[in-house]
Amino acid sequence: MNLSSQKSAIALSASAAALLMPVSAFAEDGAAGADILIPKMAEFIPALIAFLIIWIVLAKVALPGIMKTMEERGKKIEESLDEAEKTKQEAIAKRAESDSIVTDARRQAADIVLEARKDAESERARIIEAAHKEAEEIIAKAHTTVEDERKSIYAGAASSIADLSVAVATKIVGEALEDDAEQKKLIERYIQEAGSLNAD
Amino acid sequence: MEIFEKLPDEINHLVSEFSSTPVVGDLSCGITQYSFWLIVSTIVLLIVLAVFKKKQTLVPKGFFVNGFEYIIEYVENDIGKGVVGENWKKHFPFLCSLFLFILINNMIGLIPGMKPGTGAIGSTAALAIFAFVYFIYYGCKAHGVIGYIKSLAPQGVSFPMNVLVWVVELFSTFLRLITLAVRLFCNMFAGHVVMGSFAIMASMFMQPLLQQVSAAHAVGALPSLAWLAILILIYAIELVVGAIQAYVFTVLTAVYVSEAEEVAEEE
Amino acid sequence: MGVIGYGLGVIGAGLAIGLSALGATGAMARQPEVQGRVFTVFIMGSAFGEALALIGFVVALIVK
């Protein structure tokens with residue numbers, strides 16, 4: 001019973017739906033039939049021609065230029081990158097070289113300064129020593145000269161004192177002493193002995 | 001509500017408007033509304049190509065040049081190198097012109113008042129026949145005509161099954177032509193029908209309000225906003241679908257070409 | 001009747017798109033670096049399923 005009433009209910013609803021559907025469809029014969037799925041020549045031929053035109057234009061005229069430009073650009077980018085890499089390597093090498101040159105130059109400069117200083121030191125020492133020596137020489141020479149002078153003065157003084165004492169003795173004695181030369185020699189001897197006492 | 005009763009009639013009327021009606025001449029020799037817009041989009045594509053060729057420099061600047069180059073590079077990388085393999089350069093003009101042609105047609109069809117050139121089965125059938133002839137031609141060039149027909153059967157299978165599978169493969173090869181055409185046509189046609197229906201529903205719901213401004217009519221016109229929101233959503237979807245269908249057509253052609261050309265790797 | 005047929009056809013298309021999304025998210029979760037390629041395959045798979053659904057839609061509109 002349940003099953004049959006269910007079945008009849010289903011059949012009723014199905015028939016109602018089937019009856020209701022065609023009503024709206026018959027009301028207007030407007031829906032496109034199957035002929036929108038059939039190709040029509042009026043569209044087929046213009047589409048063929050239009051696509052052929054576009055294909056030929058692209059293949060012969062447009063695409064070679066476009067692809068060439070894109071390839072050129074790719075190649076140029078690659079070249080630029082390579083060149084940049086190479087330049088960078090060169091720059092690094094040159095920098096290392098210049099660094100070593102600068103280090104060398106600095107070292108040489110330090111050496112030169114050191115040597116110059118050493119030279120200056122030795123020169124100064126030499127000059128000072130030479131000056132000392134010369135000063136000593138001068139002093140020694142001066143001493144010798146003074147000695148000579150003194151001796152000659154003494155010798156002069158001795159002979160004039162001898163003369164003077166003979167003259168005084170002559171005056172005192174009153175008589176002229178003969179043999180001046182012998183007396184002189186005696187007196188000089190005495191003066192020398194006395195003079196050596198003065199020289200002390 | 002009486003609006004929902006009037007709706008099926010309106011939609012039937014809308015759908016019947018989509019069938020091709022000749023503008024010049026008649027249906028077998030003339031120009032229908034779809035072919036007219038097809039010719040318009042061809043001219044637009046030629047203009048775009050000329051402008052691009054003039055503006056292209058070694059260093060690209062600007063939105064238009066960059067965008068167009070992006071499209072061409074996309075076809076080259078994804079479809080050419082990815083699917084076809086080594087000798088993509090030979091097939092690149094055909095694939096590129098297919099992609100650009102279908103893309104421009106779909107996009108122009110989205111502008112209100114204009115119709116897509118690919119929205120009629122005649123034009124998509126023309127494109128599908130081009131692709132079909134192209135890949136069969138290259139298959140025959142690679143294997144020889146008899147060899148190509150023989151290569152439809154798989155290698156490692158023994159005699160009776162071989163023939164059966166060969167028959168199925170032959171049928172499926174011819175089916176490729178039909179599915180290519182019908183897929184593109186249905187996407188464009190159905191998209192525009194759906195957009196049209198939502199526009200009709202929005203306008204039908206607004207009609208009582210426009211005839212007589214009153215509170216009851218204002219409330220009754222509220223669903224129009226929902227239909228309008230859905231319409232904008234479907235518009236965006238149609239943009240994406242247009243590009244995707246162009247891509248799918250081109251990729252499938254590339255797959256068929258690469259499959260027809262594969263030589264001596266079946267050992 | 002045509003509408004019911006179309007409704008039944010869309011079940012298949014919905015399954016197709018859902019399964020392709022399932023595969024896509026699983027693949028992207030396991031290996032995020034293939035995201036671009038997997039997304040492209042997902043869109044292609046959905047396009048095929050949607051094409052079949054739309055063929056059903058057109059047939060439903062055609063058959064009276």
# chains A, B, ... in the order shown; residues from 1 in each chain; ligands from 1
>>> interface_residues(of="chain C", to="chain A", cutoff="10 Å", atoms="only C-alpha atoms", output="PDB file with C-alpha atoms, in the first residue's frame")
ATOM      1  CA  MET C   1      13.475  18.305 -19.049  1.00  0.00           C
ATOM      2  CA  GLY C   2      16.368  19.993 -20.665  1.00  0.00           C
ATOM      3  CA  VAL C  58      23.991  25.167 -24.822  1.00  0.00           C
ATOM      4  CA  VAL C  59      22.361  21.849 -25.657  1.00  0.00           C
ATOM      5  CA  LEU C  61      18.996  25.826 -24.597  1.00  0.00           C
ATOM      6  CA  ILE C  62      18.784  24.350 -28.042  1.00  0.00           C
ATOM      7  CA  VAL C  63      16.595  21.344 -27.483  1.00  0.00           C
ATOM      8  CA  LYS C  64      13.025  22.449 -27.048  1.00  0.00           C
TER       9      LYS C  64
END
>>> residues_around(residues="range 11-18 of chain C", least_positions_apart="2", cutoff="8 Å", atoms="only C-alpha atoms", output="PyMOL selection string")
chain C and resi 7-9+20-22+45-46+49-50+52-53
>>> residues_around(residues="Met67 in chain A", least_positions_apart="3", cutoff="12 Å", atoms="only C-alpha atoms", output="list in words")
Leu58, Ala59, Lys60, Val61, Ala62, Leu63, Pro64, Met70, Glu71, Glu72, Arg73 and Gly74 of chain A; Lys53, Gln56, Thr57, Leu58, Glu69, Ile72, Glu73, Glu76, Lys89, Phe92, Pro93 and Cys96 of chain B
>>> write_last_selection(atoms="C-alpha atoms", output="short mmCIF file (atom, residue, chain, number, x, y, z; two decimals), in the first residue's frame")
data_model
loop_
_atom_site.label_atom_id
_atom_site.label_comp_id
_atom_site.auth_asym_id
_atom_site.auth_seq_id
_atom_site.Cartn_x
_atom_site.Cartn_y
_atom_site.Cartn_z
CA LEU A 58 52.81 37.64 -38.16
CA ALA A 59 55.03 35.03 -39.74
CA LYS A 60 56.51 37.19 -42.45
CA VAL A 61 56.42 40.73 -41.23
CA ALA A 62 56.03 41.14 -37.50
CA LEU A 63 57.53 38.16 -35.74
CA PRO A 64 61.03 38.15 -37.27
CA MET A 70 64.28 40.16 -28.06
CA GLU A 71 67.25 37.99 -28.90
CA GLU A 72 69.44 41.02 -29.39
CA ARG A 73 68.41 42.28 -26.02
CA GLY A 74 69.20 38.96 -24.40
CA LYS B 53 56.54 47.07 -34.18
CA GLN B 56 59.78 48.36 -29.93
CA THR B 57 63.27 49.40 -28.87
CA LEU B 58 66.17 47.59 -27.30
CA GLU B 69 56.13 41.47 -25.10
CA ILE B 72 54.62 36.89 -26.71
CA GLU B 73 57.21 35.66 -24.25
CA GLU B 76 57.22 31.31 -26.30
CA LYS B 89 60.56 28.03 -33.58
CA PHE B 92 55.81 29.55 -33.08
CA PRO B 93 54.17 31.88 -35.67
CA CYS B 96 51.25 32.94 -31.61
#
>>> closest_residue(among="C:Gly56, C:Gly5, C:Pro32, C:Gly23", to="chain B", atoms="only C-alpha atoms")
C:Gly56
>>> interface_residues(of="chain B", to="chain A", cutoff="6 Å", atoms="only C-alpha atoms", output="compact mmCIF listing (two decimals) with N, CA and C atoms, in the first residue's frame")
# COMPACT_ATOMS: atom_id res chain seq x y z
N ASN B 12 14.16 33.04 -23.88
CA ASN B 12 14.10 32.42 -25.21
C ASN B 12 14.35 33.45 -26.28
N HIS B 13 13.72 34.60 -26.09
CA HIS B 13 13.90 35.66 -27.07
C HIS B 13 15.36 36.09 -27.14
N VAL B 15 18.00 34.27 -26.37
CA VAL B 15 18.84 33.24 -27.00
C VAL B 15 18.66 33.25 -28.50
N SER B 16 17.41 33.49 -28.94
CA SER B 16 17.24 33.49 -30.39
C SER B 16 17.92 34.69 -31.02
N SER B 19 21.52 33.93 -32.51
CA SER B 19 21.87 33.21 -33.73
C SER B 19 22.25 34.21 -34.79
N LEU B 27 22.62 34.03 -45.53
CA LEU B 27 23.39 33.19 -44.62
C LEU B 27 24.50 32.40 -45.31
N SER B 28 24.41 32.19 -46.60
CA SER B 28 25.47 31.37 -47.17
C SER B 28 26.54 32.21 -47.83
N CYS B 29 26.21 33.45 -48.18
CA CYS B 29 27.25 34.27 -48.77
C CYS B 29 26.98 35.70 -48.37
N GLY B 30 27.64 36.14 -47.33
CA GLY B 30 27.37 37.48 -46.86
C GLY B 30 28.15 37.73 -45.58
N ILE B 31 27.66 38.64 -44.82
CA ILE B 31 28.35 38.95 -43.56
C ILE B 31 27.29 38.99 -42.48
N SER B 35 30.55 37.93 -38.14
CA SER B 35 31.70 38.13 -39.04
C SER B 35 32.08 39.59 -39.10
N LEU B 58 65.34 48.58 -27.99
CA LEU B 58 66.17 47.59 -27.30
C LEU B 58 65.83 47.53 -25.81
N PRO B 93 55.09 30.89 -35.08
CA PRO B 93 54.17 31.88 -35.67
C PRO B 93 52.73 31.41 -35.64
N SER B 97 49.87 33.35 -33.59
CA SER B 97 48.75 34.00 -34.26
C SER B 97 47.43 33.43 -33.78
N ILE B 121 29.69 29.33 -34.48
CA ILE B 121 30.36 28.06 -34.72
C ILE B 121 31.13 28.09 -36.03
N GLY B 122 30.70 28.94 -36.96
CA GLY B 122 31.40 29.00 -38.23
C GLY B 122 32.84 29.42 -38.07
N SER B 123 33.08 30.46 -37.28
CA SER B 123 34.45 30.95 -37.16
C SER B 123 35.31 30.01 -36.32
N ALA B 126 36.34 27.26 -38.42
CA ALA B 126 37.45 27.61 -39.31
C ALA B 126 38.78 27.49 -38.59
>>> closest_atom_pairs(of="chain B", to="chain C", cutoff="8 Å", atoms="only C-alpha atoms", output="tab-separated table")
residue	atom	partner	partner_atom	distance
B:Val15	CA	C:Leu61	CA	7.8
B:Val182	CA	C:Ile55	CA	7.5
B:Arg183	CA	C:Ala51	CA	5.5
B:Leu184	CA	C:Ala51	CA	7.9
B:Cys186	CA	C:Ile55	CA	5.7
B:Asn187	CA	C:Leu54	CA	6.3
B:Phe189	CA	C:Val58	CA	8.0
B:Ala190	CA	C:Leu54	CA	6.4
B:Ile244	CA	C:Ala47	CA	7.2
B:Gln245	CA	C:Ala47	CA	7.3
B:Val248	CA	C:Met44	CA	6.6
>>> atom_distance(atom1="CA of Glu238 in chain B", atom2="CA of Phe94 in chain B")
25.1 Å
>>> decode(residues="range 75-114 of chain B", atoms="C-alpha atoms", output="PDB file, in the first residue's frame")
ATOM      1  CA  VAL B  75      53.551  31.915 -25.563  1.00  0.00           C
ATOM      2  CA  GLU B  76      57.215  31.305 -26.304  1.00  0.00           C
ATOM      3  CA  ASN B  77      58.190  29.979 -22.892  1.00  0.00           C
ATOM      4  CA  ASP B  78      55.145  28.205 -21.572  1.00  0.00           C
ATOM      5  CA  ILE B  79      53.615  26.824 -24.758  1.00  0.00           C
ATOM      6  CA  GLY B  80      56.553  26.720 -27.141  1.00  0.00           C
ATOM      7  CA  LYS B  81      59.412  25.508 -25.029  1.00  0.00           C
ATOM      8  CA  GLY B  82      57.298  23.777 -22.415  1.00  0.00           C
ATOM      9  CA  VAL B  83      54.995  21.719 -24.605  1.00  0.00           C
ATOM     10  CA  VAL B  84      56.529  21.503 -28.047  1.00  0.00           C
ATOM     11  CA  GLY B  85      60.144  21.099 -27.104  1.00  0.00           C
ATOM     12  CA  GLU B  86      63.148  21.759 -29.313  1.00  0.00           C
ATOM     13  CA  ASN B  87      61.756  22.840 -32.653  1.00  0.00           C
ATOM     14  CA  TRP B  88      59.320  25.328 -31.231  1.00  0.00           C
ATOM     15  CA  LYS B  89      60.560  28.031 -33.575  1.00  0.00           C
ATOM     16  CA  LYS B  90      58.967  26.313 -36.541  1.00  0.00           C
ATOM     17  CA  HIS B  91      55.534  26.294 -34.957  1.00  0.00           C
ATOM     18  CA  PHE B  92      55.812  29.555 -33.081  1.00  0.00           C
ATOM     19  CA  PRO B  93      54.174  31.876 -35.675  1.00  0.00           C
ATOM     20  CA  PHE B  94      51.121  29.645 -35.968  1.00  0.00           C
ATOM     21  CA  LEU B  95      50.677  29.260 -32.221  1.00  0.00           C
ATOM     22  CA  CYS B  96      51.252  32.936 -31.611  1.00  0.00           C
ATOM     23  CA  SER B  97      48.750  34.005 -34.258  1.00  0.00           C
ATOM     24  CA  LEU B  98      46.156  31.542 -32.901  1.00  0.00           C
ATOM     25  CA  PHE B  99      46.574  32.884 -29.384  1.00  0.00           C
ATOM     26  CA  LEU B 100      46.469  36.549 -30.354  1.00  0.00           C
ATOM     27  CA  PHE B 101      43.554  36.101 -32.741  1.00  0.00           C
ATOM     28  CA  ILE B 102      41.344  34.303 -30.231  1.00  0.00           C
ATOM     29  CA  LEU B 103      42.356  36.626 -27.406  1.00  0.00           C
ATOM     30  CA  ILE B 104      41.521  39.799 -29.305  1.00  0.00           C
ATOM     31  CA  ASN B 105      38.222  38.394 -30.512  1.00  0.00           C
ATOM     32  CA  ASN B 106      37.165  37.386 -27.018  1.00  0.00           C
ATOM     33  CA  MET B 107      38.189  40.678 -25.491  1.00  0.00           C
ATOM     34  CA  ILE B 108      36.411  42.768 -28.077  1.00  0.00           C
ATOM     35  CA  GLY B 109      33.289  40.718 -27.540  1.00  0.00           C
ATOM     36  CA  LEU B 110      33.226  41.817 -23.932  1.00  0.00           C
ATOM     37  CA  ILE B 111      32.727  45.462 -24.714  1.00  0.00           C
ATOM     38  CA  PRO B 112      29.012  46.186 -24.416  1.00  0.00           C
ATOM     39  CA  GLY B 113      27.370  46.411 -27.775  1.00  0.00           C
ATOM     40  CA  MET B 114      29.984  44.370 -29.581  1.00  0.00           C
TER      41      MET B 114
END
